[in-house]
Structures are given as structure tokens and as C-alpha cells.
Amino acid sequence: MTIQDNPARPADIPAPGGSGKAGYPGYTGDRPPRSAFRVALSRWDTKGSPYLFVSPFFLVFAVFGAFPLLYTFWVSLHKWPLLGEHSWVGLENYRKLMGDEQFWNSTVNTFGIFALATIPQFAIALMLATTLSRRMRFQTLFRVGTIIPNVTSVAAVALIFGAIFSQGFGLANWLLSVVNIDPVNWSADRWSSWTAISVMVDWRWTGYNALIFLASMQAIPTDLYEAAAIDGASRSRQFFSITLPLLKPTLIFTSLISIIGGVQLFTEPLLFAPGAGAIQGGTTRQFQTMTMYLIENGFTRFEFGYAGAVAGMIFLIILLVSLLNVLIIRRISSAD
Amino acid sequence: MTTIELATPQSLPDPPPKLSRRLLESNNQLFRASPLNYVVLMISFVLSAFPLYWMVVLASRTNDEIVQLPPPMLPGGHLSGNVEKLFDAPDVLFAKALMNSVIVAGTITVSVVIFSALAGFAFSKLKFRGSNILLGVVILTMMVPIQLGTIPLYMMMNWLGISGTLPTVILPFLVSGFGVFMMRQYASQAVPDELIEAARVDGASTLRIFFSVVLPALRPAAAILGLFTFMQYWNDFLWPYVSLDPEHPTVQVALSRLSSGTAYYQDQALVMAGTLMATLPLIVVVVIFGRQLISGIMDGAVKA
């Protein structure tokens with residue numbers, strides 16, 4: 001962009017005095033002959049610099065990203081309390097985890113909330129994206145509007161919606177009472193708490209996903225739509241026969257990101273009913289997610305080994321679900 | 001930066017008159033927003049903005065007013081009082097938390113931008129063995145659920161003797177795979193090879209080239225990456241929540257303590273005043289840089 005009009009760009013400058021190289025800014029005359037040392041230095045510079053430049057990323061990631069993940073697996077093979085010695089137990093933690101009702105409860109909660117949140121979210125985001133792709137007034141205003149929720153912090157979202165869904169004075173219950181529906185104790189049982197948490201997730205992410213969808217919709221050539229319109233295809237027909245199939249890569253990508261994010265859901269349910277024991281996700285653990293269970297084992301019970309096993313299982317589940325997701329979306333769109 | 005390239009009827013060549021009118025009509029029908037579209041967008045705008053408006057309403061009321069039915073719908077006059085109470089609350093350390101968040105998010109942002117630009121430059125403009133494989137690794141790191149390493153990360157901070165302090169929440173995030181990838185994409189189109197060659201012929205070292213030629217050209221992308229990074233770590237919750245000592249909170253951690261009532265009696269108006277203070281800087285950012293944020297998200301989407 002700006003670089004294209006950069007006056008310093010060599011090709012744009014007519015070379016004074018005939019010699020091509022004399023046109024560079026800062027050129028002061030013939031270069032002095034290079035010493036052997038300088039040549040060696042320069043060779044080292046061209047060969048070594050690239051590695052030097054990428055090394056900070058790989059060093060920091062290796063130490064604070066890759067190592068902790070691998071070490072999690074090592075820790076999970078031990079009984080590892082906060083204080084005192086750790087001892088090798090092999091796969092015992094995983095065996096225990098298989099029969100751990102609280103873990104499976106958190107798995108069900110996580111995927112229940114994920115489904116409840118993601119399905120409407122994608123539908124609304126697609127609709128919003130098609131709407132935003134039209135020519136209109138106030139375009140920037142509407143687009144900025146869709147991104148506002150996403151820059152709000154998760155903690156803030158959880159607290160604001162916590163107030164909206166509070167039992168006594170919350171806005172949600174007041175609206176229900178206006179249409180003569182009994183107030184709901186939102187955090188008390190499974191479905192209502194899942195709904196409230198899903199609303200928080202969707203409020204924060206629908207607009208963001210809509211923008212992602214919008215971006216790939218704009219990459220679709222417009223003459224496809226023109227041709228379809230001339231052939232008499234309705235707008236909804238156009239959407240299902242042109243837009244949706246061509247969005248496949250984006251849909252796969254976005255749903256993968258949603259899965260990775262959804263499985264790590266933590267802050268919304270934690271702050272939904274704050275206070276002592278918040279990490280349990282309600283009195284009967286009705287909205288404790290997998291990540292909450294991981295943190296509970298690690299930082300409330302301080303059983304690092306067992307928490308490591310929980311992390312290992314979550315990793316495995318993410319991998320399986322991602323794979324399944326890709327397969328399903330491939331199947332669906334190849335069926336068309 | 002605008003990415004809108006809808007084919008307008010004007011840009012079409014002149015076809016035979018009859019077809020032209022048909023095309024014009026179909027085009028207008030196809031791409032122009034209908035009244036219904038505006039209604040949908042208005043609703044979505046209101047839904048996006050309302051919770052934040054509601055936050056302002058609650059933050060400017062007293063706790064007694066909040067619990068009344070029907071709930072108050074307009075802001076009251078107690079905002080400054082609530083904010084004052086918030087900063088005076090002894091256990092919350094809200095002022096310190098704001099300061100800490102600026103330090104944490106600021107340090108991470110500077111580091112991520114510099115290191116991403118360095119690596120992005122190397123990946124897009126310098127030839128070296130293994131660069132493709134290494135770039136693949138960078139992309140892979142974007143998919144890794146980093147939260148799962150929380151337990152060993154906590155243990156590592158103990159080994160380093162810095163557990164509970166601010167470096168705990170800074171060190172792990174000094175680099176970003178997303179940042180490297182974004183900078184690579186941008187550098188490959190924004191920095192002409194001739195410019196680098198020219199500087200090399202003039203005897204500039206690669207590092208010198210980076211600082212005087214490449215970095216200035218990367219400024220637009222660096223600004224967007226910086227914005228995203230700052231927002232992400234201003235908002236970060238889980239790791240600061242489990243790792244920081246009570247006397248070193250970030251603003252999000254302070255919010256959670258404010259709301260949990262362990263630090264202070266539960267005062268909804270106070271919680272909302274805190275939420276407003278924590279959100280305000282970001283709202284300002286969106287108002288000023290909204291356009292850039294949107295193009296950043298949308299450009300990233302097409303390339304990914």
C-alpha cells in the first residue's frame with residue numbers, strides 16, 4: 001500500500017550519472033574494498049540472521065508453551081501433591097478418571113453448553129453476514145456495532161449477564177414477569193444455567209464470527225449471484241446453493257476454533273455464580289465445565305497429577321471432536 | 001484497507017440496452033439492503049450495545065435502586081460516588097490492578113509486535129533451510145489449547161521463584177504464533193524485495209535492514225497486531241486468576257474478587273462500576289480504531 005508510492009523505491013528514481021546503483025538514497029560514492037573479515041561477517045549475517053530472527057518465537061514457545069503441555073502428561077503419570085514427594089503411579093490417574101462421575105458430568109456440561117451456544121450462534125452469524133454484505137448506509141457503524149461485544153472482557157460479560165440473569169432483581173426475570181411467566185432461578189438448574197451461559201458466549205462471539213463469514217462471502221465472485229438471479233434463483237436458493245458451499249473452508253476453520261474455545265470455557269460459568277465454591281459450577285455442579293474441573297483439581301485440591309490427567313483427557317477429546325467435525329462438514333457439503 | 005468490492009452496475013461494460021436494464025435491476029436487487037435488512041441490523045446493533053448500556057445504568061445507581069422492580073432503565077447520578085467507593089475499597093486494590101493491567105498488556109504487546117515482525121520478516125523475505133517446516137510449526141502452535149499446560153506452568157513459576165508476581169503472567173505470552181503468521185503475510189506483500197536488496201548492496205546488516213527498511217513498512221499491520229494483543233491480555237482471565245497473589249491483581253482478577261464478595265460485601269452497583277472502569281479503555285479503542293479492527297479481523301479471515 002503506502003510502500004508502492006514510496007519515493008525511496010529504487011526503481012522509480014532515474015539513475016543520475018548513468019550508473020544504476022548511484023541512484024540509491026544515501027549513496028556516497030564507490031564502496032571501499034571489503035576486507036576478508038567483513039566478507040566473512042556478511043556471509044554469517046545472511047546465513048545466520050534468519051535463524052536468529054525466528055529464534056525468540058521458538059525459544060519462548062518451547063519453554064512456556066510446548067514444555068508445559070508435554071510435562072502435563074509426565075505429571076499425570078504421578079501422584080503429585082503440592083507439597084511433599086511425588087510418586088510414579090503409571091496410568092492410575094487415567095483409570096480413576098474413567099470412573100469419575102464429576103469429570104463426566106463436566107464433560108456433558110461442556111458439550112451441552114457448546115451445542116446450545118454454537119448452533120444458534122452460527123445460524124445468526126451467517127444471517128448477519130449476508131445482511132452485512134449488502135450495500136447500505138451506515139455500513140461502518142453497523143460493523144463496529146457487531147464487534148463491540150467481542151472487545152468486552154469475558155469477566156465483564158459474565159458479570160453484566162450475571163446481573164441480568166440474577167434471580168431477585170434481574171432484567172431477564174422482570175421481562176418474563178411482564179409476559180406473565182414465573183421468574184426462573186437461572187443458576188439453579190441445568191437447562192436454565194446452560195441457557196444463560198450460552199447467551200453470554202453468543203453475545204460475545206456472534207458478531208466476530210459474522211465478520212469472518214462476511215470476509216469470505218466477499219471473496220465469492222458476484223457474477224455467480226448475477227447468473228443465478230437471471231436464472232430465477234431466489235435469494236434463499238442462492239444462499240444454500242452458492243454461498244454455503246463456497247463457505248466450507250471458512251466453516252471448518254471457524255468451527256474448529258469454536259471447539260477449541262468451547263472446550264476451554266471457564267470464565268463465564270465461574271463468574272456466573274461467584275463466591276465461595278464457584279469453581280464447582282453450582283451446588284450440584286450443574287454447570288461445571290471441564291476446564292473448571294481441571295482448575296478445581298489443580299488449585300483447590302492441589303492434586304497436580306490428577307489435574308494433569310484431566311488436561312490429558314481434554315486434549316484427547318479436543319483432538320477427537322476436531323477430527324469428527326472435519327469429517328461431518330466434509331460429508332455434509334459433498335452431499336449437496 | 002476497505003475490502004468491499006461489490007460489482008456496481010456502473011462498472012459493467014455497456015451491453016445491449018435490453019439486457020443492461022435487466023442486469024441493472026437484478027444487481028440492485030441482489031446487493032442493495034432492503035428495509036428488512038436494516039431492521040435486522042438495527043436489532044443486532046441494539047442487542048450488541050444494550051448490555052453495555054445496562055452496565056452504565058447499574059454503575060450509576062445505588063445498590064438499593066438496583067434491586068427495585070421494575071428495574072431502573074435510565075442512568076442515575078451515583079456514578080462518581082460508586083467509582084470513588086471502588087477505588088477506596090481496601091481489599092480490591094483497583095487502582096493498582098488497573099496499573100498492573102497496563103504494565104502486563106503493554107509489555108506483552110511491545111514484545112509480541114517486535115518478535116512477530118522479526119520472525120515474519122525472516123519467513124517472508126529471507127531464504128533459509130527449513131523455513132517451510134518452521135512456518136508449519138508456527139501455524140500449528142496457533143491451534144494448541146495452551147490452557148491445558150496450566151499446572152506445569154504454575155510449577156515452573158515456582159522453580160523460577162517468581163510465582164504470584166507480574167512476570168508470571170507476562171513471560172509465557174511474549175511471543176504469538178498468530179502474530180508471526182500475520183506479519184509474514186503482510187511483509188510478503190508490503191516490503192518490495194528490491195528495497196531489501198538495495199539496502200544490502202549499501203552494506204546494511206540484516207538487523208539494520210529490519211529496523212530501517214522493514215519495520216517502517218510493517219507499521220500498519222503492527223498497529224493492528226498491537227491492538228489485538230493489548231486487548232487480549234487486558235482481558236485475559238484464567239491464568240492471572242489462578243497464578244497471581246492477592247496483592248498483585250490485574251484488573252480482571254480484581255473484578256472477580258469484587259464480585260465474589262470475599263474481598264468486599266457484595267454490592268452490585270460497585271461491581272458494575274468496576275466493570276465499567278475495566279471496559280471503558282477498550283470501548284474508547286473501538287470507537288477510535290473500529291475500522292482498523294474490522295479490517296484486521298476480515299483480512300485475517302481470508303488469509304487463514
# chains A, B, ... in the order shown; residues from 1 in each chain; ligands from 1

call {"tool": "closest_atom_pairs", "arguments": {"of": "chain B", "to": "chain A", "cutoff": "7 Å", "atoms": "only C-alpha atoms", "output": "CSV"}}
result
residue,atom,partner,partner_atom,distance
B:Ala7,CA,A:Thr222,CA,6.7
B:Ser26,CA,A:Ala229,CA,6.6
B:Asn27,CA,A:Glu226,CA,6.8
B:Phe31,CA,A:Arg134,CA,4.8
B:Arg32,CA,A:Arg135,CA,4.6
B:Ala33,CA,A:Arg134,CA,5.1
B:Asn37,CA,A:Thr131,CA,5.8
B:Leu41,CA,A:Phe142,CA,6.8
B:Phe45,CA,A:Gly145,CA,5.5
B:Ser48,CA,A:Pro149,CA,6.1
B:Pro51,CA,A:Ile160,CA,6.8
B:Met55,CA,A:Ile160,CA,6.3
B:Val67,CA,A:Phe169,CA,4.9
B:Gln68,CA,A:Phe169,CA,6.7
B:Leu69,CA,A:Phe169,CA,6.8
B:Pro70,CA,A:Trp174,CA,6.9
B:Pro71,CA,A:Leu171,CA,6.9
B:Phe115,CA,A:Pro56,CA,6.7
B:Leu118,CA,A:Phe53,CA,5.4
B:Ala119,CA,A:Val54,CA,4.4
B:Ala122,CA,A:Pro50,CA,5.1
B:Leu126,CA,A:Pro50,CA,6.4
B:Phe128,CA,A:Pro50,CA,6.6
B:Pro145,CA,A:Ile260,CA,6.6
B:Ile146,CA,A:Gly65,CA,6.5
B:Leu148,CA,A:Ala311,CA,5.3
B:Gly149,CA,A:Leu69,CA,4.6
B:Ile151,CA,A:Phe304,CA,6.6
B:Pro152,CA,A:Pro68,CA,5.0
B:Leu153,CA,A:Pro68,CA,5.7
B:Pro172,CA,A:Phe64,CA,5.0
B:Val175,CA,A:Phe57,CA,5.5
B:Ala190,CA,A:Ile3,CA,6.5
B:Leu195,CA,A:Arg9,CA,6.5
B:Ser205,CA,A:Asp45,CA,6.8
B:Thr206,CA,A:Asp45,CA,6.6
B:Ala217,CA,A:Ile3,CA,6.6
B:Met231,CA,A:Val151,CA,6.9
B:Asn235,CA,A:Ser153,CA,4.7
B:Leu238,CA,A:Thr267,CA,6.9
B:Gln252,CA,A:Ala155,CA,6.3
B:Ser256,CA,A:Leu271,CA,6.9
B:Ser259,CA,A:Pro274,CA,6.4
B:Ser260,CA,A:Gly275,CA,4.1
B:Gly261,CA,A:Gly275,CA,6.2
B:Thr262,CA,A:Gly275,CA,6.9
B:Thr275,CA,A:Ala156,CA,5.5
B:Thr279,CA,A:Thr152,CA,6.1
B:Leu282,CA,A:Val151,CA,6.5
B:Gly290,CA,A:Val144,CA,5.6
B:Arg291,CA,A:Thr140,CA,7.0
B:Ile297,CA,A:Ile212,CA,6.9
B:Met298,CA,A:Ala215,CA,5.1
B:Ala301,CA,A:Ile212,CA,5.4
B:Val302,CA,A:Ser216,CA,5.9

call {"tool": "atom_distance", "arguments": {"atom1": "atom CA of B:Glu197", "atom2": "atom CA of B:Pro216"}}
result
16.3 Å

call {"tool": "closest_residue", "arguments": {"among": "B:Met156, B:Lys127, B:Phe87, B:Ser60", "to": "B:Leu171", "atoms": "only C-alpha atoms"}}
result
B:Met156

call {"tool": "residues_around", "arguments": {"residues": "B:Phe173", "least_positions_apart": "4", "cutoff": "10 Å", "atoms": "only C-alpha atoms", "output": "list in words"}}
result
Val60, Phe61, Phe64 and Gly65 of chain A; Val104, Ala105, Thr107, Ile108, Thr109, Ser111, Val112, Thr168, Val169, Thr229 and Tyr233 of chain B

call {"tool": "select_by_dssp", "arguments": {"residues": "stretch 163-288 of chain B", "states": "alpha helix (DSSP H)", "output": "VMD selection string"}}
result
chain B and resid 166 to 170 177 to 190 193 to 201 206 to 209 215 to 217 219 to 235 238 to 243 251 to 260 268 to 288

call {"tool": "write_last_selection", "arguments": {"atoms": "C-alpha atoms", "output": "mmCIF file, in the first residue's frame"}}
result
data_model
loop_
_atom_site.group_PDB
_atom_site.id
_atom_site.type_symbol
_atom_site.label_atom_id
_atom_site.label_comp_id
_atom_site.auth_asym_id
_atom_site.auth_seq_id
_atom_site.Cartn_x
_atom_site.Cartn_y
_atom_site.Cartn_z
ATOM 1 C CA LEU B 166 3.507 -9.925 37.454
ATOM 2 C CA PRO B 167 6.271 -11.638 35.410
ATOM 3 C CA THR B 168 4.269 -14.844 35.906
ATOM 4 C CA VAL B 169 1.548 -13.546 33.615
ATOM 5 C CA ILE B 170 3.925 -11.776 31.202
ATOM 6 C CA GLY B 177 2.153 -17.672 16.559
ATOM 7 C CA PHE B 178 -0.772 -15.670 15.235
ATOM 8 C CA GLY B 179 1.405 -12.552 15.250
ATOM 9 C CA VAL B 180 4.242 -14.205 13.350
ATOM 10 C CA PHE B 181 1.852 -15.548 10.735
ATOM 11 C CA MET B 182 0.077 -12.220 10.338
ATOM 12 C CA MET B 183 3.350 -10.315 9.955
ATOM 13 C CA ARG B 184 4.644 -12.835 7.444
ATOM 14 C CA GLN B 185 1.541 -12.407 5.306
ATOM 15 C CA TYR B 186 1.768 -8.650 5.464
ATOM 16 C CA ALA B 187 5.519 -8.403 4.900
ATOM 17 C CA SER B 188 5.423 -10.573 1.797
ATOM 18 C CA GLN B 189 3.169 -8.042 0.064
ATOM 19 C CA ALA B 190 4.216 -4.758 1.674
ATOM 20 C CA ASP B 193 12.439 -7.282 -2.466
ATOM 21 C CA GLU B 194 14.338 -4.556 -4.359
ATOM 22 C CA LEU B 195 14.280 -2.349 -1.290
ATOM 23 C CA ILE B 196 15.964 -5.015 0.806
ATOM 24 C CA GLU B 197 18.467 -5.799 -1.944
ATOM 25 C CA ALA B 198 19.298 -2.125 -2.261
ATOM 26 C CA ALA B 199 19.968 -1.771 1.445
ATOM 27 C CA ARG B 200 22.107 -4.903 1.338
ATOM 28 C CA VAL B 201 24.183 -3.560 -1.526
ATOM 29 C CA THR B 206 20.196 -7.754 8.131
ATOM 30 C CA LEU B 207 19.300 -6.361 11.536
ATOM 31 C CA ARG B 208 19.849 -2.831 10.263
ATOM 32 C CA ILE B 209 17.656 -3.605 7.259
ATOM 33 C CA LEU B 215 9.779 -2.217 10.366
ATOM 34 C CA PRO B 216 8.613 1.149 8.960
ATOM 35 C CA ALA B 217 6.857 -0.652 6.101
ATOM 36 C CA ARG B 219 3.692 -0.234 10.648
ATOM 37 C CA PRO B 220 0.015 -0.641 9.620
ATOM 38 C CA ALA B 221 -0.007 -4.366 10.367
ATOM 39 C CA ALA B 222 1.999 -3.828 13.547
ATOM 40 C CA ALA B 223 -0.614 -1.365 14.768
ATOM 41 C CA ILE B 224 -3.431 -3.860 14.268
ATOM 42 C CA LEU B 225 -1.485 -6.695 15.859
ATOM 43 C CA GLY B 226 -0.669 -4.399 18.753
ATOM 44 C CA LEU B 227 -4.321 -3.513 19.240
ATOM 45 C CA PHE B 228 -5.429 -7.139 19.242
ATOM 46 C CA THR B 229 -2.649 -8.202 21.566
ATOM 47 C CA PHE B 230 -3.286 -5.418 24.042
ATOM 48 C CA MET B 231 -6.996 -6.207 24.154
ATOM 49 C CA GLN B 232 -6.382 -9.930 24.531
ATOM 50 C CA TYR B 233 -4.117 -9.548 27.558
ATOM 51 C CA TRP B 234 -6.089 -6.718 29.085
ATOM 52 C CA ASN B 235 -8.995 -9.186 29.051
ATOM 53 C CA LEU B 238 -7.812 -17.779 33.694
ATOM 54 C CA TRP B 239 -4.050 -17.723 34.106
ATOM 55 C CA PRO B 240 -3.877 -14.450 36.083
ATOM 56 C CA TYR B 241 -6.766 -15.738 38.208
ATOM 57 C CA VAL B 242 -5.001 -18.940 39.246
ATOM 58 C CA SER B 243 -1.436 -17.657 39.384
ATOM 59 C CA VAL B 251 -7.995 -5.620 36.563
ATOM 60 C CA GLN B 252 -9.985 -8.727 35.547
ATOM 61 C CA VAL B 253 -8.857 -10.554 38.678
ATOM 62 C CA ALA B 254 -9.839 -7.553 40.777
ATOM 63 C CA LEU B 255 -13.286 -7.696 39.155
ATOM 64 C CA SER B 256 -13.733 -11.323 40.073
ATOM 65 C CA ARG B 257 -12.731 -10.642 43.671
ATOM 66 C CA LEU B 258 -15.060 -7.667 43.789
ATOM 67 C CA SER B 259 -17.941 -9.831 42.607
ATOM 68 C CA SER B 260 -17.182 -12.871 44.721
ATOM 69 C CA GLN B 268 -23.899 -4.860 42.599
ATOM 70 C CA ALA B 269 -23.520 -1.153 41.839
ATOM 71 C CA LEU B 270 -19.877 -1.309 42.861
ATOM 72 C CA VAL B 271 -19.269 -4.423 40.757
ATOM 73 C CA MET B 272 -20.763 -2.681 37.736
ATOM 74 C CA ALA B 273 -18.741 0.475 38.383
ATOM 75 C CA GLY B 274 -15.629 -1.714 38.365
ATOM 76 C CA THR B 275 -16.761 -3.476 35.202
ATOM 77 C CA LEU B 276 -17.307 -0.106 33.567
ATOM 78 C CA MET B 277 -13.826 1.086 34.546
ATOM 79 C CA ALA B 278 -12.293 -2.122 33.196
ATOM 80 C CA THR B 279 -14.235 -1.920 29.936
ATOM 81 C CA LEU B 280 -14.004 1.798 29.234
ATOM 82 C CA PRO B 281 -10.449 1.791 27.811
ATOM 83 C CA LEU B 282 -11.447 -0.867 25.284
ATOM 84 C CA ILE B 283 -14.634 0.917 24.262
ATOM 85 C CA VAL B 284 -12.531 4.003 23.582
ATOM 86 C CA VAL B 285 -10.177 1.886 21.480
ATOM 87 C CA VAL B 286 -13.090 0.525 19.450
ATOM 88 C CA VAL B 287 -14.553 3.953 18.849
ATOM 89 C CA ILE B 288 -11.205 5.275 17.608
#

call {"tool": "residues_around", "arguments": {"residues": "B:Gly76", "least_positions_apart": "3", "cutoff": "8 Å", "atoms": "only C-alpha atoms", "output": "PyMOL selection string"}}
result
chain B and resi 57+60-61+79

call {"tool": "closest_residue", "arguments": {"among": "A:Ile181, A:Leu77, A:Ile328, A:Ile197", "to": "A:Phe165", "atoms": "only C-alpha atoms"}}
result
A:Ile197

call {"tool": "residues_around", "arguments": {"residues": "stretch 281-288 of chain A", "least_positions_apart": "5", "cutoff": "6 Å", "atoms": "only C-alpha atoms", "output": "number ranges by chain"}}
result
A: 106, 109, 190

call {"tool": "atom_distance", "arguments": {"atom1": "atom CA of A:His86", "atom2": "atom CA of A:Trp104"}}
result
26.1 Å

call {"tool": "decode", "arguments": {"residues": "stretch 221-249 of chain B", "atoms": "N, CA and C atoms", "output": "mmCIF file, in the first residue's frame"}}
result
data_model
loop_
_atom_site.group_PDB
_atom_site.id
_atom_site.type_symbol
_atom_site.label_atom_id
_atom_site.label_comp_id
_atom_site.auth_asym_id
_atom_site.auth_seq_id
_atom_site.Cartn_x
_atom_site.Cartn_y
_atom_site.Cartn_z
ATOM 1 N N ALA B 221 0.308 -3.048 9.812
ATOM 2 C CA ALA B 221 -0.007 -4.366 10.367
ATOM 3 C C ALA B 221 0.410 -4.438 11.827
ATOM 4 N N ALA B 222 1.535 -3.812 12.161
ATOM 5 C CA ALA B 222 1.999 -3.828 13.547
ATOM 6 C C ALA B 222 0.990 -3.146 14.459
ATOM 7 N N ALA B 223 0.374 -2.076 13.958
ATOM 8 C CA ALA B 223 -0.614 -1.365 14.768
ATOM 9 C C ALA B 223 -1.809 -2.267 15.072
ATOM 10 N N ILE B 224 -2.278 -2.983 14.053
ATOM 11 C CA ILE B 224 -3.431 -3.860 14.268
ATOM 12 C C ILE B 224 -3.078 -5.002 15.212
ATOM 13 N N LEU B 225 -1.916 -5.610 14.971
ATOM 14 C CA LEU B 225 -1.485 -6.695 15.859
ATOM 15 C C LEU B 225 -1.357 -6.189 17.294
ATOM 16 N N GLY B 226 -0.811 -4.984 17.426
ATOM 17 C CA GLY B 226 -0.669 -4.399 18.753
ATOM 18 C C GLY B 226 -2.015 -4.215 19.435
ATOM 19 N N LEU B 227 -2.981 -3.706 18.685
ATOM 20 C CA LEU B 227 -4.321 -3.513 19.240
ATOM 21 C C LEU B 227 -4.909 -4.828 19.739
ATOM 22 N N PHE B 228 -4.859 -5.834 18.867
ATOM 23 C CA PHE B 228 -5.429 -7.139 19.242
ATOM 24 C C PHE B 228 -4.730 -7.711 20.466
ATOM 25 N N THR B 229 -3.397 -7.610 20.468
ATOM 26 C CA THR B 229 -2.649 -8.202 21.566
ATOM 27 C C THR B 229 -2.967 -7.495 22.875
ATOM 28 N N PHE B 230 -2.997 -6.166 22.820
ATOM 29 C CA PHE B 230 -3.286 -5.418 24.042
ATOM 30 C C PHE B 230 -4.660 -5.805 24.591
ATOM 31 N N MET B 231 -5.650 -5.862 23.702
ATOM 32 C CA MET B 231 -6.996 -6.207 24.154
ATOM 33 C C MET B 231 -7.032 -7.609 24.746
ATOM 34 N N GLN B 232 -6.352 -8.543 24.067
ATOM 35 C CA GLN B 232 -6.382 -9.930 24.531
ATOM 36 C C GLN B 232 -5.838 -10.050 25.954
ATOM 37 N N TYR B 233 -4.718 -9.365 26.243
ATOM 38 C CA TYR B 233 -4.117 -9.548 27.558
ATOM 39 C C TYR B 233 -4.682 -8.588 28.591
ATOM 40 N N TRP B 234 -5.308 -7.528 28.153
ATOM 41 C CA TRP B 234 -6.089 -6.718 29.085
ATOM 42 C C TRP B 234 -7.264 -7.560 29.593
ATOM 43 N N ASN B 235 -7.814 -8.387 28.724
ATOM 44 C CA ASN B 235 -8.995 -9.186 29.051
ATOM 45 C C ASN B 235 -8.684 -10.561 29.611
ATOM 46 N N ASP B 236 -7.428 -10.969 29.585
ATOM 47 C CA ASP B 236 -7.083 -12.344 29.957
ATOM 48 C C ASP B 236 -7.508 -12.633 31.392
ATOM 49 N N PHE B 237 -8.033 -13.845 31.602
ATOM 50 C CA PHE B 237 -8.562 -14.122 32.937
ATOM 51 C C PHE B 237 -7.981 -15.357 33.611
ATOM 52 N N LEU B 238 -8.077 -16.534 32.978
ATOM 53 C CA LEU B 238 -7.812 -17.779 33.694
ATOM 54 C C LEU B 238 -6.442 -17.814 34.353
ATOM 55 N N TRP B 239 -5.398 -17.583 33.561
ATOM 56 C CA TRP B 239 -4.050 -17.723 34.106
ATOM 57 C C TRP B 239 -3.752 -16.692 35.199
ATOM 58 N N PRO B 240 -4.059 -15.403 34.979
ATOM 59 C CA PRO B 240 -3.877 -14.450 36.083
ATOM 60 C C PRO B 240 -4.689 -14.847 37.325
ATOM 61 N N TYR B 241 -5.885 -15.365 37.100
ATOM 62 C CA TYR B 241 -6.766 -15.738 38.208
ATOM 63 C C TYR B 241 -6.155 -16.831 39.066
ATOM 64 N N VAL B 242 -5.551 -17.861 38.437
ATOM 65 C CA VAL B 242 -5.001 -18.940 39.246
ATOM 66 C C VAL B 242 -3.586 -18.639 39.726
ATOM 67 N N SER B 243 -2.855 -17.753 39.050
ATOM 68 C CA SER B 243 -1.436 -17.657 39.384
ATOM 69 C C SER B 243 -1.052 -16.428 40.209
ATOM 70 N N LEU B 244 -1.830 -15.361 40.151
ATOM 71 C CA LEU B 244 -1.383 -14.131 40.806
ATOM 72 C C LEU B 244 -1.730 -14.105 42.293
ATOM 73 N N ASP B 245 -0.816 -13.532 43.091
ATOM 74 C CA ASP B 245 -1.078 -13.311 44.506
ATOM 75 C C ASP B 245 -2.129 -12.220 44.674
ATOM 76 N N PRO B 246 -2.865 -12.264 45.811
ATOM 77 C CA PRO B 246 -3.889 -11.238 46.038
ATOM 78 C C PRO B 246 -3.334 -9.820 45.975
ATOM 79 N N GLU B 247 -2.070 -9.625 46.330
ATOM 80 C CA GLU B 247 -1.565 -8.236 46.314
ATOM 81 C C GLU B 247 -1.081 -7.771 44.949
ATOM 82 N N HIS B 248 -1.110 -8.678 43.941
ATOM 83 C CA HIS B 248 -0.747 -8.260 42.576
ATOM 84 C C HIS B 248 -1.855 -8.576 41.579
ATOM 85 N N PRO B 249 -3.043 -8.012 41.738
ATOM 86 C CA PRO B 249 -4.113 -8.392 40.805
ATOM 87 C C PRO B 249 -4.000 -7.658 39.472
#
